[in-house]
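Taking it in order: structure first as structure tokens, then the write-up.
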Amino acid sequence: MYILADIGGTKTRIAASDDLEKFGEPVVRATMQEYDAELDEIVQTAKKLSGGQIDRVIMGKPLWNMWPAFERDLQTRLDAPLHIENDVALVGLGEWKYGAGKGASIFVYITVSTGVNGVRIIDGKIDVSKQGFEIGGQYLSMGDAPQTLENLVSGTAVAKRFSVASPKELGKDNPAWDELARTLAFGVHNSILHWSPDRVVIGGSMVNDIGISVERVREHVVSIMKKFPNTPEITHSKLGDFGGLWGGMARLKQMR
């Protein structure tokens with residue numbers, strides 16, 4: 001049995017697959033910030049879903065937030081080979097294989113959620129990098145207090161700016177969403193210039209029904225694009241909350 005795990009900043013999702021063609025009903029819960037508690041929950045869930053027989057585990061996790069001993073301890077307790085990948089990279093791979101990125105040779109996935117990040121997929125493979133990708137850290141303003149894309153459009157930043165527990169409290173028709181779409185468009189525009197893709201897919205909790213419109217982002221990108229004669233296709237993700245699990249399954253198939 002193969003275990004697929006997506007450990008996000010807010011939610012953890014774990015599922016099992018016996019054939020790497022499909023996976024069972026995922027277990028979804030809040031991500032714990034305490035090391036031992038999170039480790040215990042992952043181990044218990046994986047063993048329950050697998051019936052105790054685990055062939056390999058793949059996990060998507062923000063690599064910058066990884067506890068130093070996490071990989072070693074988890075592999076020891078599960079007694080199975082473990083592969084850890086950046087969580088956004090796995091979602092991007094999932095969208096390329098099974099979702100909105102199908103057929104794209106040079107494909108960029110961008111997530112706007114608790115934080116902001118992205119990945120480039122080239123011919124079905126996660127692009128190589130020295131230290132990973134952190135497109136949310138790109139500066140969109142200068143001065144005494146430069147502001148990054150993540151500072152401006154992430155769920156964390158928007159909740160803080162408007163003093164709400166969740167950005168959804170702003171309501172579907174709040175004009176702030178179009179302002180945020182234009183801001184995000186500048187970050188998408190920069191990523192297009194850096195990565196030159198033929199398709200961009202945007203996902204994450206901030207671009208759901210109540211949130212930033214991907215169509216408006218596309219329109220704003222078209223209006224500001226000067227360097228390239230054609231703007232690549234920009235569309236919404238298709239795999240929803242389980243893109244990381246689909247991506248984990250795709251990655252394990254590549255590793256066979």
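To be explicit about the labels: the chains of the structure tokens are called A, B, and onward in the order shown, and within each one the residues are counted from 1, while ligands get numbers from 1 in the order they are shown.
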Subject >> Contacts of stretch 101-117 of chain A at 6 Å (only C-alpha atoms; same-chain gap of 3+ positions) as a VMD selection string >> reply: chain A and resid 92 95 to 97 120 to 123 134 to 136 150 154 to 156 197 to 206
Subject >> Shell of 10 Å around A:Glu215, only C-alpha atoms, local chain residues under 3 positions omitted, as a list in words >> reply: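 So the residues in contact are Ala181, Ile212, Arg218, Glu219, His220, Val221, Ile234, Thr235 and His236 of chain A.
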**OP:** Would you list, as a PyMOL selection string, the residues of stretch 46-186 of chain A that end up in strand (DSSP E) under DSSP run on this structure's backbone?
**Re:** chain A and resi 56-60+82-85+106-112+116-122+125-126
Any idea what's packed within 9 Å of A:Gly243, counting only C-alpha atoms, ignoring anything in its chain fewer than 6 positions away? Could you give it as a short mmCIF file (atom, residue, chain, number, x, y, z; two decimals) with C-alpha atoms, in the first residue's frame?
```
data_model
loop_
_atom_site.label_atom_id
_atom_site.label_comp_id
_atom_site.auth_asym_id
_atom_site.auth_seq_id
_atom_site.Cartn_x
_atom_site.Cartn_y
_atom_site.Cartn_z
CA ASP A 6 -0.05 16.60 2.04
CA LEU A 90 3.30 18.12 -5.72
CA VAL A 91 0.07 20.04 -6.25
CA GLY A 92 1.53 21.46 -9.45
CA LEU A 93 2.52 17.99 -10.64
CA GLY A 94 -0.97 16.74 -9.84
CA GLU A 95 -2.56 19.53 -11.86
CA TYR A 98 -4.69 15.00 -13.82
CA GLY A 99 -6.02 18.55 -13.75
CA SER A 237 -7.03 24.70 -10.87
#
```
Original post:
Nearest to A:Leu140: which of A:Trp246, A:Phe186, A:Tyr2, A:Trp177 is it, counting only C-alpha atoms?
Top reply: A:Phe186
For stretch 52-108 of chain A against stretch 11-14 of chain A, with a cut-off of 12 Å and counting only C-alpha atoms, what is the closest atom pair and its distance in Å to one decimal for every residue that makes the cut, ordered by chain and number, as JSON lines?
```
{"residue": "A:Val57", "atom": "CA", "partner": "A:Ile14", "partner_atom": "CA", "distance": 10.3}
{"residue": "A:Ile58", "atom": "CA", "partner": "A:Ile14", "partner_atom": "CA", "distance": 10.0}
{"residue": "A:Met59", "atom": "CA", "partner": "A:Ile14", "partner_atom": "CA", "distance": 8.9}
{"residue": "A:Gly60", "atom": "CA", "partner": "A:Arg13", "partner_atom": "CA", "distance": 9.7}
{"residue": "A:Lys61", "atom": "CA", "partner": "A:Thr12", "partner_atom": "CA", "distance": 9.5}
{"residue": "A:Pro62", "atom": "CA", "partner": "A:Thr12", "partner_atom": "CA", "distance": 11.9}
{"residue": "A:Asp87", "atom": "CA", "partner": "A:Thr12", "partner_atom": "CA", "distance": 10.9}
```
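For the residues A:Leu20, A:Glu71, A:Lys48, A:Leu180, ranking by smallest atom-to-atom distance to A:Arg256 using only C-alpha atoms places A:Leu20 first.
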Subject >> Atomic distance atom CA of A:Leu78 - atom CA of A:Ile42, expressed in Å with one decimal >> reply: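 Computed distance, atom CA of A:Leu78 to atom CA of A:Ile42, equals 9.4 Å.
When only C-alpha atoms are used to compute distances to A:Gly118, the closest of the residues A:Gln131, A:Ser17, A:Ser223, A:Asn86 turns out to be A:Asn86.
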Just list the residues in stretch 26-235 of chain A DSSP gives alpha helix (DSSP H) on the backbone, as an mmCIF file with C-alpha atoms, in the first residue's frame.
```
data_model
loop_
_atom_site.group_PDB
_atom_site.id
_atom_site.type_symbol
_atom_site.label_atom_id
_atom_site.label_comp_id
_atom_site.auth_asym_id
_atom_site.auth_seq_id
_atom_site.Cartn_x
_atom_site.Cartn_y
_atom_site.Cartn_z
ATOM 1 C CA TYR A 35 6.199 18.058 16.637
ATOM 2 C CA ASP A 36 5.341 14.885 18.559
ATOM 3 C CA ALA A 37 1.589 15.334 18.151
ATOM 4 C CA GLU A 38 1.830 15.807 14.375
ATOM 5 C CA LEU A 39 4.222 12.887 14.015
ATOM 6 C CA ASP A 40 1.961 10.605 16.082
ATOM 7 C CA GLU A 41 -1.116 11.514 14.043
ATOM 8 C CA ILE A 42 0.613 10.895 10.715
ATOM 9 C CA VAL A 43 1.925 7.504 11.852
ATOM 10 C CA GLN A 44 -1.408 6.367 13.283
ATOM 11 C CA THR A 45 -3.358 7.478 10.217
ATOM 12 C CA ALA A 46 -0.907 5.888 7.783
ATOM 13 C CA LYS A 47 -0.981 2.553 9.607
ATOM 14 C CA LYS A 48 -4.776 2.572 9.817
ATOM 15 C CA LEU A 49 -5.249 3.377 6.113
ATOM 16 C CA SER A 50 -2.672 0.821 4.992
ATOM 17 C CA PHE A 70 11.071 14.836 10.826
ATOM 18 C CA GLU A 71 12.043 12.702 7.837
ATOM 19 C CA ARG A 72 14.248 10.379 9.885
ATOM 20 C CA ASP A 73 11.718 9.900 12.689
ATOM 21 C CA LEU A 74 8.777 9.350 10.356
ATOM 22 C CA GLN A 75 10.629 6.833 8.202
ATOM 23 C CA THR A 76 11.775 4.925 11.285
ATOM 24 C CA ARG A 77 8.316 4.698 12.784
ATOM 25 C CA LEU A 78 6.600 3.710 9.541
ATOM 26 C CA ASP A 87 3.911 20.638 -1.079
ATOM 27 C CA VAL A 88 3.246 23.187 -3.841
ATOM 28 C CA ALA A 89 5.449 21.225 -6.248
ATOM 29 C CA LEU A 90 3.304 18.123 -5.720
ATOM 30 C CA VAL A 91 0.070 20.040 -6.250
ATOM 31 C CA GLY A 92 1.535 21.456 -9.445
ATOM 32 C CA LEU A 93 2.520 17.989 -10.644
ATOM 33 C CA GLY A 94 -0.975 16.744 -9.837
ATOM 34 C CA GLU A 95 -2.563 19.534 -11.862
ATOM 35 C CA TRP A 96 -0.229 18.773 -14.771
ATOM 36 C CA LYS A 97 -1.011 15.058 -14.750
ATOM 37 C CA TYR A 98 -4.690 14.998 -13.817
ATOM 38 C CA LEU A 149 3.399 39.318 -3.071
ATOM 39 C CA GLU A 150 2.686 37.127 -0.044
ATOM 40 C CA ASN A 151 2.506 40.207 2.204
ATOM 41 C CA LEU A 152 -0.249 41.570 -0.028
ATOM 42 C CA VAL A 153 -2.527 38.745 -1.217
ATOM 43 C CA GLY A 155 -4.985 34.622 3.266
ATOM 44 C CA THR A 156 -2.913 35.477 6.320
ATOM 45 C CA ALA A 157 -2.177 38.983 5.038
ATOM 46 C CA VAL A 158 -5.757 39.720 3.951
ATOM 47 C CA ALA A 159 -7.237 38.526 7.250
ATOM 48 C CA LYS A 160 -4.821 40.771 9.130
ATOM 49 C CA ARG A 161 -5.435 43.786 6.891
ATOM 50 C CA PHE A 162 -9.232 43.645 7.241
ATOM 51 C CA ALA A 176 -11.298 44.421 -2.300
ATOM 52 C CA TRP A 177 -11.295 41.198 -4.327
ATOM 53 C CA ASP A 178 -10.691 43.036 -7.586
ATOM 54 C CA GLU A 179 -7.944 45.103 -5.979
ATOM 55 C CA LEU A 180 -6.348 41.845 -4.858
ATOM 56 C CA ALA A 181 -6.793 40.351 -8.333
ATOM 57 C CA ARG A 182 -4.829 43.245 -9.817
ATOM 58 C CA THR A 183 -2.093 42.890 -7.204
ATOM 59 C CA LEU A 184 -1.851 39.144 -7.803
ATOM 60 C CA ALA A 185 -1.701 39.839 -11.542
ATOM 61 C CA PHE A 186 1.613 41.649 -11.103
ATOM 62 C CA GLY A 187 3.060 38.609 -9.326
ATOM 63 C CA VAL A 188 1.726 36.286 -12.025
ATOM 64 C CA HIS A 189 3.101 38.636 -14.693
ATOM 65 C CA ASN A 190 6.578 38.510 -13.125
ATOM 66 C CA SER A 191 6.457 34.722 -12.917
ATOM 67 C CA ILE A 192 5.500 34.547 -16.599
ATOM 68 C CA LEU A 193 8.507 36.701 -17.484
ATOM 69 C CA HIS A 194 10.841 34.542 -15.374
ATOM 70 C CA TRP A 195 9.489 31.116 -16.370
ATOM 71 C CA VAL A 214 -8.793 34.034 -11.725
ATOM 72 C CA GLU A 215 -10.532 35.501 -14.772
ATOM 73 C CA ARG A 216 -9.947 39.027 -13.441
ATOM 74 C CA VAL A 217 -6.312 38.134 -12.739
ATOM 75 C CA ARG A 218 -5.990 37.034 -16.357
ATOM 76 C CA GLU A 219 -7.553 40.272 -17.618
ATOM 77 C CA HIS A 220 -5.197 42.349 -15.488
ATOM 78 C CA VAL A 221 -2.152 40.374 -16.674
ATOM 79 C CA VAL A 222 -3.146 40.953 -20.295
ATOM 80 C CA SER A 223 -3.465 44.690 -19.629
ATOM 81 C CA ILE A 224 0.012 45.027 -18.073
#
```
**OP:** Could you tell me how far atom CA of A:Leu245 lies from atom CA of A:His83, in Å and to one decimal?
**Re:**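 Interatomic distance here is 13.3 Å.
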Original post:
If you count only C-alpha atoms, which residues fall within 9 Å of A:Lys172, apart from same-chain ones fewer than 3 positions away, as a ChimeraX atom specification?
Top reply: /A:168-169,175,177,209-211
Write the residues of the selection above to a file with C-alpha atoms, as a compact mmCIF listing (two decimals), in the first residue's frame.
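The resulting part.txt:
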```txt
# COMPACT_ATOMS: atom_id res chain seq x y z
CA LYS A 168 -14.38 34.81 3.33
CA GLU A 169 -15.97 37.15 5.86
CA PRO A 175 -14.49 45.45 -4.09
CA TRP A 177 -11.30 41.20 -4.33
CA ASP A 209 -15.99 31.17 -5.06
CA ILE A 210 -15.59 33.84 -2.39
CA GLY A 211 -12.19 35.26 -3.21
```
**OP:** Could you please determine the separation between atom CA of A:Ala30 and atom CA of A:Ile7 in Å, to one decimal place?
**Re:** 9.4 Å
